[in-house]
Every structure is written in structure tokens, then in C-alpha cells.
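Asker: Before I ask anything, here is the structure I am working with.
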There are 2 protein chains.
Amino acid sequence: MRTIRIAMAQINPTLGDLAGNRDKIIEYIKRAKKLGADIVTFPELAVTGYPPEDLVLKPQFVKDNLRTLREITKATTGITAIVGFVNANKHIYDAAAVLDNGKLAYIYHKMLLPNYGVFDEYRYFTPGDRYPVLSVKGVNIGVNVCEDIWFADGPARLQSLAGAEAIVTLNASPYHKGKGRERTKMLSLRAKENKVFIIYVNTVGGQDELVFDGQSMVIDPKGRVLASGKQFEEDLITMDIKLPKEARPTPDRSSEQLLEKHRDFIDIVRLSSRTSGKKKPLPAPRKEKPYSLCEEVYHAIVLGTRDYMRKNGFKAAVIGLSGGIDSSLVAAVAVEAVGKENVTGVFMPSQYSSQESREDACELAENLDIEILDIPIHQTFDAYLRTLREAFAKTGTDVTEENLQARIRGNILMALSNKFKWLVLTTGNKSELSTGYATLYGDMAGGFAVIKDVPKTLVYEISRCANRLAGKTLIPRRVMTKAPTAELRPNQRDSDSLPLYSVLDPILKAYVEDDKEFEEMLRMGFDRKTVERVIHLVDMSEYKRRQAPPGVKITPRALGKDRRFPITNRYKSY
Amino acid sequence: MRTIRIAMAQINPTLGDLAGNRDKIIEYIKRAKKLGADIVTFPELAVTGYPPEDLVLKPQFVKDNLRTLREITKATTGITAIVGFVNANKHIYDAAAVLDNGKLAYIYHKMLLPNYGVFDEYRYFTPGDRYPVLSVKGVNIGVNVCEDIWFADGPARLQSLAGAEAIVTLNASPYHKGKGRERTKMLSLRAKENKVFIIYVNTVGGQDELVFDGQSMVIDPKGRVLASGKQFEEDLITMDIKLPKEARPTPDRSSEQLLEKHRDFIDIVRLSSRTSGKKKPLPAPRKEKPYSLCEEVYHAIVLGTRDYMRKNGFKAAVIGLSGGIDSSLVAAVAVEAVGKENVTGVFMPSQYSSQESREDACELAENLDIEILDIPIHQTFDAYLRTLREAFAKTGTDVTEENLQARIRGNILMALSNKFKWLVLTTGNKSELSTGYATLYGDMAGGFAVIKDVPKTLVYEISRCANRLAGKTLIPRRVMTKAPTAELRPNQRDSDSLPLYSVLDPILKAYVEDDKEFEEMLRMGFDRKTVERVIHLVDMSEYKRRQAPPGVKITPRALGKDRRFPITNRYKSY
């Protein structure tokens, strides 16, 4: 029996904070050494954070990242560390450095570069073409990066044929609802196909629109999960991987041909053999119980919000509380993210605000134990109307007056933000933003859009989940049951302008996320007139989305860089 | 002597308007036939408009575009038309259809796909691998698309070796200042290298952040421009290309090897021979005199603004006039774009506005002969302050109050927009937006940012140019000479917060456009403290730019999708 002790450092780097990331990486290397690990692995682009976007086009940034890697290298005496960084020679690569006993032993270049969805990797990187197999303490280990592992004919296959018994894969795999399950299924398949262990280390943390959920894991050659790390938290997972004494079975004839064809591209890398003394045994590998889908989304938006604030230097947040469910959930998330003492709610009543709304906003604030300001908007609204009276002479009341109210609220929140350095969290959900049922510079004004990618029906689910997780009522029951309203004119209801959310959300999923054809949507059972109306609303409101603040991606297709639509667009699909 | 008559249809398609684009393409085919053209060529993706972005991911959109191409095919009896469209089989291609005498004769797939700058072509398209050479009336013609022609070892080379005497290239080449000259130089080189005519047809028109400048041209094998079309306007350029009776010289030995290697990828396409009767002679080919660089930029922002409005269904525009040069230039551009009767200026004085500002705004309005509204903001400002008094107790005056004023103005403009369906044109320039010297939801509020990519020093130049082109004073002389100020507090000057624009703009170019390293910038002679301050301002204001409206790209690197920076970014280069 051969044994190798691996440590997966599931860290939360900060984008561009090269010194901070270096210190964190070195700290985890030390912890791994203390635990007697032979190898410690880090996420994709751990040195820079992911995705560095156009920073990679700055030669100075790339150089500074290379210098940072050299500093990390020195900390690897007595251990092998595999660290993601940006490599540069004539080209630029998304790379994994194998640092061994204080020296740079090998550099792997990511082969499969995603250029879809939120990814732009062809914009920056050149694909690699070499297949390393490391030999560490008599164990053969393939190394690759993220997208590489998602394809059956990716490098893991050839590395396995070339003798790898385990594959270390470095990842920055963005979260969406259920992504962990997809990943586990895929990794299990890949392990079985290649009869290898898979050591999957993922980054964790929020970066603008993205959240990385961690959940690093080890899979055995039978496809079983042996260990798995925390979700949405930093973690260090250490375990002994036990391999049979005998070599793996010889590849079959067709494999040999494949191997022959790529022979020149395989690098066998023998790492320094270290005398590892008798090691303290480890406890049984940890398998964190995965969250339910609902809990997952809740933790994703909490972490996304927390990290956006922390990494951008905001200590406190301010939220306009309407007494509705969206702002209630956002406030609950904010409290979880940065603490109740750092969250201020603002109730901004107009002549159309109901007593019920005030009660609900106040009850929420009480439940969350946060401060709530009461700043009425009618005086300012009147001032605008007086000022505009002449210009608006001979016109009737329309959506203008509704938007004005929303924009006064936006201004008040921004004024509080400017004065007290509070980050304004906006409260619009995906159903609203998709249909343009939101006021630009009004309720859309703010720095971070917490539930931007959460459809309204899911907002209800997550709200119930938040209460459940808290073990008490945070979001008042009445908020969960009353009819949604923007309260911008008398007796207004969302359902005056939009289909019921239970009808709207599946149509939006089909159109916005799944790019379904019009006739296909009718065949799915949706009403023709309703589908036409929804498509029209989505198509006409792209200009609003373009000016929306970033928010956490939690679906397979979010409304930011995940979905790039022209504003000027006369295409009609119905 | 062999002669072939070609027509270059430099059209302005509307993105997604498949029926409209079809009708326009058919109209130009008819015009080309009337002029006796053997071949009429259209721009890249003429059927869909460029760039269609994620519309291409909608299967229905791709199908509808294929149907549109079939409709166009029928209109090609008696002529050969080369038309850009999206092709689809197992993959999706940026393609050129060769439509010949009512039939689809060939489909070329673009080989070199740009995935840098504003381009995301790997997101959508698969590169082609076949090199067509058409044989039309005994003349051999290679066809390729845009990026293909920019590289010496692109398809033009092999097509020439395979016998092509002329290369037809279909383009959607976005404008930046001086791009026409770069293009002409490159095409001249390419023509000489390959000893071919180059028939370069470019699209024209505005599409969100991009403007296409047309300027289609024909280059002879000696690299001389034989004909060139209009800039920033639709055009049809027709000319007879005269080729020697003898075949072109045999390729040299190394070329033959190259040719041999790719033999299987060369398609020789013989098109239907048509009896072209005696043709009416054409006048000598037209060579439009190119604009000066200043005029170019002016026309680019005019067309960008006009097309954004027209293609998005806006008839009229509204602009906040401060009496400063930015809003003055934007108003002049708007008048040129949509006519003085469709432009309204709004002067929104506060307690800090000078009499001079009012006079200058009024003089501008008079010069442009546009309506100007006078809507003071102090009442509304007072209402906000009263409303916020309690919340702001024990705090001093700071940037909050300045931003509030800017945001009131933004709200007033948006209210006018909502009420009268006017598009709000914002007036911020690139120097301001780069440094964040702009108020989010304030002066940044609006649908289109006309001079977003124009540095302040260039704003002055273009303003002088606008006056020159008008043959009279549009932008008052005093506006050109007084010190820039936001007038948000007493005696405020831009130079209180920013270096002089003559100092700032070259630093911004080095940092924002050219990605220079810090030390490099010092070596360029910039002051260390100033460079540090500018870098800090640029880095800290990414969040504002993310919420800015689109505007016309006129530099090699604009602030929209041309420069993709993370908001969360702790990288410091100094």
C-alpha cells in the first residue's frame, strides 16, 4: 500500500491583492506542512484571484504576479504546492505552478479555455499543449485546471493513460443553484472513466457578479466522494490517499495508439523525494453535508454581498425598506453578511404608502434588530412637481410621476451613502429586472444588487429558508403573503403590469435563460399573448439592465456578462 | 484585357431587423444590376447587423436569418451577390454567401475570429477552414471576411497563390480615430504582397457603442487606392476592374509547397456565365476625400447618436445645458444628428450657477436655434436638505450636497424624458468618466453618452471643428476659453480636483488605453505624484463606469466592453 497525504487549500483570495493572496497562500502551506501533507493544492489563479479580466492585459500586473509566485516558492521547503497563477512567455497562460521543496518544478498551462457564459478566457490566454504527470513519493499525479476536467477527452484522459493514478485539478468554478451536484456527478464519471482519484480544489468567495462555493472534494476511482469541504467558506481538507501496491492496468490497444500520438507532449516530472518521518494519523476524512438548494442560494447571496463589501472597503450597508418581500430579504441577507450593527433600513413613505407597509418595514427592522430611518418623500416630490409645473403644463399624470418617486428614494439612499460611506444595496429581483419593472436611477440605484439573479418565486422560497435557518421569524409572515405592490400610485399591484409571478417566472426562464424559440414556448403550454407580452418587456428593457449594478449570479444564466444583448435590437421572435 | 464590373454596397443595416435589412440588400442588388455590375458585395453580417452578440445563441434568430438569406437569394437573377450572414450547421459561423443568378453557389466561413477589444467572436463562431476562389467571367476572385484580411498569412495569401487576382473582403470594421488610414495602409500592403486587387466593403452606421465608418475601397495590386466610398454614410461604389489578358506569374517554390499542403482546402467555384450585353460605361471611379481626424470624430459621434436614436425609436433628445463646453458640444452634435426642432436644452441653475453660465447656455441655444427650458433646482434641493436634516444632524457639508444637485438635474431630465419620450443625452467626456469626476445617477443619468470616449482636450478640438464645419459660431467663444467648472459649490473649478486636462489626458491615454507600466509612465516624463493620483482615481471609479450609459467609441480603447475591469480589484501598480 502506498499512501500520499494531500491537503486542499480552499482559499478566498481577493482579486488583485497580490501581497494578501501571497500571505494567505503561505499561511495555508504552513498549515498543510504542520499536518504532514506531501502535497498542498490551491485554486485556479489563486495568486491573482479569478477572474482578473483586463488586468491580465497589463504587463506590469503579470510581472507582479510572477514575482509573487517566486515569493511563494520559497515557502515550499519540505512540501509540494500546486498554485494557480498567470504565466507569461511569448503568450499568456492560465497556469498551475508545481512548487517543490523551495523550487519551481513545473508549469502546467490550462488546455481548455471557456469562452462562453461569464467566461472570456480566449480574450486573455493561450491554451497549453503539454500533459504533465508528477511522480511524488512513488505516486503518479496528473495536474490540470478547471475546464480541463469537464471533458472526457480533456487532459485527464491522456494523463491517466500515461500513468497518473490521481488527478489534481485547480478550479475557480462559479456557483449557480445546483452546480455542486453537477460537479460531483461529472467528477465521479471522470474518476470512473479514467480509474483515478480526483483531487478537486475550488476557490471560495465573491467577486463582483460571481460567487465561488468551494466544496472541494476527493473522489475515488470508483466515483465515490471520500472527502468534501465546506460550502461558501474557506477550508483546508487533508486526507491520506491510499493506493494499491501494484501498478494500474496497462491501457488497451486503442489507448496505446492515443498515447503514442501524444508521446512527445507528455512530461514526466520526478519531484524531490523527501524523507517524510512517521506522520501523526489524520482523523477520518471529513464529508460536509451539502446544503439544500434553497440554503445554497441563501448562502451564495450572503457571501456575495459580504465579499463585495469587504473587498471594496465597505463596512456598512443601507437598504430602502418598503415593507415588501424583496427589501425584507435583502435586509436579512445584509445582516447575515455584515452584522446587524452595520445595516440601516430606510422607510421612505409617500402619499401612496399604506399603514401596512410601514408596520411591515418596522416589524422587519425589529426582527433583525437594525436601525430604521423614516424619511418621507412627499415634500421633495411636491418640490419637483412645482418645479416641473410649467414644463408639464397640458400633460396628464403618467409613469413619470411614479418614476420620480422611485428616483427621490434612490437619491435619498445615495445621499446617505455619500454622507456615511454606507453601501446602498438594491432590492430588485430577476423577474423585475428581466421585464424592466424597475426604475432606472430609482430602485435600481445602488452599489450591489443582492437578489438581481433571484426570480420572484424563488425570493419567497429563500425568505422562508432565511427564517428557518434563523430559527425565528425574521421576515414577517404578512410580508410573505400580501400581494406585491410598488405603491407608486393608488391601489397599484404588480399584477396590474405583469403576469402573476408563478406564470411569469417559468416564461422568463424559457426565454432569458434557455433561449427557447417562440413556438417551443407555446408548445410548453404558455399562453401566446402572455409570452408575447413578456418577450416584448424583456427585449425593450435591455437599456435598463445595462446600467444596473452588479449582483450575485445564482442561476445558470444571469443578467450581467452572462447574457450579452445589444440594446439597439429590432429582432422580434413572435 | 478582361474587365469585371463590381459594386460595393456600403449599407447601414439595423441590428436584428431582418426584414428591413433584407429589403435594403435587395434594393442595392437592384441598383447594382441597373448599373451593369457583375458582382455586388455587402458588408459582414449584413443580414443581421453587426455585432449581434447573444442573439446568435438563440436558435430561432439563426433560423430566421437563414430564411432571410433565402429570400435575398431569389433577388440575384443576373448578378452575383456576396452577402454576410450567420451560417449554421453543427456549428455557427460568421459567413459570406455567394449568391449567383438566383442560387446559393457557395458559403465561406470566416477563418480568423477576433476575440479582443470589443470583439467576442469565439463566444459565438467556429472558424472556417476552406479557401474559396470564385471564377466569374474568367476572373478569379477570393472571398474572405474582415479579420481575415488583417494578417499576411490569412486566407488572402493562399487564395492568391491558388489563382485569385482580386480579393473581396466583407467587413464590419469599427471606427476609431485614424482607423481609415490604418486600414488603407494595411490593405495596400496586403494587395502588394499578394499582387491582387482588394475590394474592401465596410458597413456603416451606429450600433450601441460602435460606429462603422464605411469608407469602402478598391486597391490595385500596386497598393494604390482606385476608388473609395463615403465616410459615415451609405454608399454604392461601382467600378470596372481591368485585368491583364495574361495569367498571374506562377508562385515560387516555397509557395507551391504551401499550396500543396492546403490543396484539399481550396474550393474553386465556377459561377454561372451570363451573357452580359454591351454595358453603359461608368464615370471614372470616385475617390472621396477623407475627412481630417477632427472632422472624422465629429461625424462619428453625430452618426453614432443619430443611429442610436433612430434605431431605438427616439425622435427627439433633451440635454442639460450648463454653459460648459461638454454640454455645448453634445447639443451641437444632437442638432446635427436629428435636427434643431428635435433638440431641447434645459438650463437648471442652482445657487452656485453664475450669470455667465446662463448667458453661455442661452447663447448656445440661440446659435443652434433650439428651445431652452429654465428649470431651477434650488427648491427641490432645499426640500431634500429639509428631509435629510435629521439624518444629517451633526454632519458637515461635503460631496453629498454636490451629488444631490447633480442628481436633481438627472431626475429632471429623466422626468422630461418620461413625459415627452425624449432621449436624455449625457454630456460627460472620457477624462471625467475615466477619473470618476462625474455623479452616478446625476450627470451620468441618460440613455446615450455622446462624448463618453472623447478626452476633454479633444472636446475642445472637436468643438472648434463643429464651428468650422457650420461656417459660423455654434459653440460660443467664451465657452471655449473659460475654466471648466461643475458649479456644485462656490468658486469650484475642475482643476481643484483634477490635474489640468492638458496634463491629465496624456496620462489617461498611457494608463487607460495603452496599459503602460507605472515606471514606464514616469520615464515618459509624467510627475510621480500626479500619475499616482490619476491611477488611483481611475482604479477607484470602475463601479461608476459599470453603470454608465453606452456611448460612441472613437479611441482605440473605449470605456465600455473594450476595457473590462473588475470592480472588486485591490491591485495597485504604484
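A note on labels: chains of the C-alpha cells are A, B, ... as shown, every chain counts residues from 1, and ligands are counted from 1 in their shown order.
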Would you write out, as a tab-separated table, a table of all residues in stretch 392-439 of chain A that have an atom no more than 12 Å from an atom of stretch 289-313 of chain A, listing for each the closest atom pair and the distance in Å to one decimal, considering only C-alpha atoms and ordering rows by chain and rising residue number?

Answerer:
```
residue	atom	partner	partner_atom	distance
A:Lys421	CA	A:Gly313	CA	9.6
A:Trp422	CA	A:Met309	CA	9.7
A:Leu423	CA	A:Met309	CA	7.6
A:Val424	CA	A:Met309	CA	10.3
A:Leu425	CA	A:Thr305	CA	8.8
A:Thr426	CA	A:Thr305	CA	11.1
```

Asker: How would the residues just picked look written out with all heavy atoms as a compact mmCIF listing (two decimals), in the first residue's frame?

Answerer:
```txt
# COMPACT_ATOMS: atom_id res chain seq x y z
N LYS A 421 -20.78 56.76 4.06
CA LYS A 421 -19.97 55.69 3.45
C LYS A 421 -20.66 54.33 3.57
O LYS A 421 -20.01 53.29 3.74
CB LYS A 421 -18.56 55.59 4.06
CG LYS A 421 -17.83 56.92 4.17
CD LYS A 421 -17.49 57.52 2.82
CE LYS A 421 -17.08 58.99 2.92
NZ LYS A 421 -17.68 59.83 1.86
N TRP A 422 -21.99 54.35 3.55
CA TRP A 422 -22.74 53.11 3.53
C TRP A 422 -22.92 52.66 2.09
O TRP A 422 -23.17 53.48 1.21
CB TRP A 422 -24.15 53.33 4.12
CG TRP A 422 -24.18 53.69 5.57
CD1 TRP A 422 -23.21 53.49 6.50
CD2 TRP A 422 -25.27 54.33 6.25
NE1 TRP A 422 -23.62 53.95 7.72
CE2 TRP A 422 -24.88 54.47 7.60
CE3 TRP A 422 -26.54 54.78 5.86
CZ2 TRP A 422 -25.71 55.06 8.57
CZ3 TRP A 422 -27.36 55.36 6.81
CH2 TRP A 422 -26.95 55.50 8.15
N LEU A 423 -22.83 51.39 1.85
CA LEU A 423 -23.11 50.88 0.51
C LEU A 423 -24.63 50.71 0.36
O LEU A 423 -25.28 50.10 1.22
CB LEU A 423 -22.44 49.52 0.31
CG LEU A 423 -22.66 48.90 -1.07
CD1 LEU A 423 -21.91 49.67 -2.15
CD2 LEU A 423 -22.25 47.43 -1.10
N VAL A 424 -25.18 51.25 -0.71
CA VAL A 424 -26.61 51.05 -0.99
C VAL A 424 -26.79 49.68 -1.63
O VAL A 424 -26.21 49.38 -2.67
CB VAL A 424 -27.16 52.13 -1.94
CG1 VAL A 424 -28.64 51.84 -2.26
CG2 VAL A 424 -27.01 53.52 -1.35
N LEU A 425 -27.58 48.84 -0.97
CA LEU A 425 -27.94 47.55 -1.56
C LEU A 425 -29.29 47.71 -2.25
O LEU A 425 -30.25 48.16 -1.61
CB LEU A 425 -28.01 46.47 -0.48
CG LEU A 425 -26.71 46.19 0.27
CD1 LEU A 425 -26.94 45.14 1.36
CD2 LEU A 425 -25.61 45.74 -0.69
N THR A 426 -29.35 47.37 -3.52
CA THR A 426 -30.64 47.48 -4.21
C THR A 426 -31.42 46.19 -4.00
O THR A 426 -30.87 45.15 -3.63
CB THR A 426 -30.47 47.75 -5.70
OG1 THR A 426 -29.87 46.59 -6.30
CG2 THR A 426 -29.59 48.95 -5.95
```

Asker: Quick check: residues of chain A within 6 Å of chain B, only C-alpha atoms, returned as a PyMOL selection string.

Answerer: chain A and resi 15-17+53-54+58+60+115-116+123+312+380+383-384+400+415+418-419+441+515+517+547-548+564-565+568-571

Asker: Residues near A:His109, anyone? I mean within 7 Å using only C-alpha atoms, not counting same-chain ones fewer than 4 positions away, as a ChimeraX atom specification.

Answerer: /A:93-96,127-128

Asker: Between atom CA of A:Leu537 and atom CA of A:Asp443, what is the distance, to one decimal in Å?

Answerer: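 Atom-to-atom, atom CA of A:Leu537 and atom CA of A:Asp443 are spaced 17.9 Å apart.
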
Asker: Using only C-alpha atoms, determine which residues lie at most 12 Å from stretch 255-264 of chain B, disregarding the query and same-chain residues fewer than 4 positions distant; provide the list as an mmCIF file with C-alpha atoms, in the first residue's frame.

Answerer:
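Wrote around35.cif, looks like this:
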```cif
data_model
loop_
_atom_site.group_PDB
_atom_site.id
_atom_site.type_symbol
_atom_site.label_atom_id
_atom_site.label_comp_id
_atom_site.auth_asym_id
_atom_site.auth_seq_id
_atom_site.Cartn_x
_atom_site.Cartn_y
_atom_site.Cartn_z
ATOM 1 C CA ASP B 129 -11.055 26.144 -42.868
ATOM 2 C CA ARG B 130 -11.816 26.358 -46.597
ATOM 3 C CA TYR B 131 -10.399 28.798 -49.131
ATOM 4 C CA PRO B 132 -12.770 29.609 -51.972
ATOM 5 C CA ASP B 153 -0.764 34.735 -43.560
ATOM 6 C CA PRO B 155 -6.656 33.360 -46.346
ATOM 7 C CA ARG B 157 -2.393 34.672 -49.313
ATOM 8 C CA LEU B 158 -3.434 31.154 -50.141
ATOM 9 C CA GLN B 159 -6.292 32.358 -52.298
ATOM 10 C CA SER B 160 -3.841 34.455 -54.309
ATOM 11 C CA LEU B 161 -1.482 31.511 -54.670
ATOM 12 C CA ALA B 162 -4.441 29.487 -55.855
ATOM 13 C CA GLY B 163 -5.062 31.970 -58.634
ATOM 14 C CA ASN B 194 -0.279 39.163 -52.976
ATOM 15 C CA PRO B 249 3.011 34.768 -62.529
ATOM 16 C CA THR B 250 3.474 31.239 -61.206
ATOM 17 C CA PRO B 251 4.040 31.072 -57.451
ATOM 18 C CA ILE B 268 -12.610 26.526 -56.997
#
```

Asker: Would you list the contacts of B:Arg477 as a PyMOL selection string, taking every protein, DNA or RNA residue within 10 Å and counting only C-alpha atoms, but skipping same-chain residues closer than 6 positions in sequence?

Answerer: chain B and resi 325+360+364+464+467

Asker: Let's have the selection written as an mmCIF file, in the first residue's frame, with C-alpha atoms.

Answerer:
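Written file, out-v3.cif:
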```
data_model
loop_
_atom_site.group_PDB
_atom_site.id
_atom_site.type_symbol
_atom_site.label_atom_id
_atom_site.label_comp_id
_atom_site.auth_asym_id
_atom_site.auth_seq_id
_atom_site.Cartn_x
_atom_site.Cartn_y
_atom_site.Cartn_z
ATOM 1 C CA ILE B 325 -18.159 73.081 -23.363
ATOM 2 C CA ASP B 360 -23.472 80.954 -22.370
ATOM 3 C CA LEU B 364 -25.593 78.353 -27.414
ATOM 4 C CA ARG B 464 -13.768 74.249 -32.870
ATOM 5 C CA ASN B 467 -17.957 75.651 -35.586
#
```

Asker: Compile the contact shell of A:Ile11 as a JSON list (two decimals) with all heavy atoms, in the first residue's frame: residues with an atom at most 6 Å away, counting only C-alpha atoms, same-chain residues fewer than 2 positions apart removed.

Answerer:
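That gives us around-v5.json:
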```json
[["chain", "number", "residue", "atom", "x", "y", "z"],
["A", 9, "ALA", "N", -6.30, 23.40, -0.16],
["A", 9, "ALA", "CA", -6.44, 24.72, 0.47],
["A", 9, "ALA", "C", -7.53, 25.49, -0.28],
["A", 9, "ALA", "O", -7.27, 26.10, -1.32],
["A", 9, "ALA", "CB", -5.12, 25.46, 0.44],
["A", 203, "THR", "N", -11.97, 27.42, -5.55],
["A", 203, "THR", "CA", -11.84, 28.66, -4.80],
["A", 203, "THR", "C", -13.16, 28.95, -4.09],
["A", 203, "THR", "O", -14.19, 28.32, -4.36],
["A", 203, "THR", "CB", -11.41, 29.80, -5.74],
["A", 203, "THR", "OG1", -10.90, 30.88, -4.98],
["A", 203, "THR", "CG2", -12.57, 30.29, -6.58],
["A", 204, "VAL", "N", -13.13, 29.91, -3.19],
["A", 204, "VAL", "CA", -14.35, 30.30, -2.49],
["A", 204, "VAL", "C", -14.35, 31.82, -2.38],
["A", 204, "VAL", "O", -13.29, 32.45, -2.37],
["A", 204, "VAL", "CB", -14.43, 29.60, -1.11],
["A", 204, "VAL", "CG1", -13.44, 30.21, -0.13],
["A", 204, "VAL", "CG2", -15.84, 29.63, -0.54],
["A", 234, "GLU", "N", -13.93, 29.34, 3.64],
["A", 234, "GLU", "CA", -12.58, 28.81, 3.46],
["A", 234, "GLU", "C", -12.48, 27.48, 4.19],
["A", 234, "GLU", "O", -13.19, 27.22, 5.16],
["A", 234, "GLU", "CB", -11.54, 29.79, 4.02],
["A", 234, "GLU", "CG", -11.39, 31.04, 3.16],
["A", 234, "GLU", "CD", -10.11, 31.80, 3.45],
["A", 234, "GLU", "OE1", -9.66, 31.78, 4.60],
["A", 234, "GLU", "OE2", -9.54, 32.38, 2.51]]
```

Asker: Considering only C-alpha atoms, return as a list in words whatever protein or nucleic-acid residues lie within 7 Å of A:Ala37, sequence-local ones (same chain, fewer than 6 positions apart) excluded.

Answerer: Arg5, Ile6 and Ala7 of chain A

Asker: DSSP on the backbone, then: every residue of stretch 243-407 of chain A marked strand (DSSP E), written as a VMD selection string.

Answerer: chain A and resid 243 266 to 270 316 to 320 343 to 347 371 to 374

Asker: Hey, what does DSSP flag as alpha helix (DSSP H) within stretch 32-140 of chain A? Can you give it to me as a ChimeraX atom specification?

Answerer: /A:32-34,59-73,121-124

Asker: Using Å and a single decimal, report how far atom CA of B:Gly323 sits from atom CA of B:Leu504.

Answerer: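 Computed distance, atom CA of B:Leu504 to atom CA of B:Gly323, equals 22.4 Å.
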
Asker: Would you work out the distance separating atom CA of A:Pro285 from atom CA of A:Ser228, expressed in Å to one decimal?

Answerer: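 Taking atom CA of A:Pro285 as the start and atom CA of A:Ser228 as the end point, the length is 8.1 Å.
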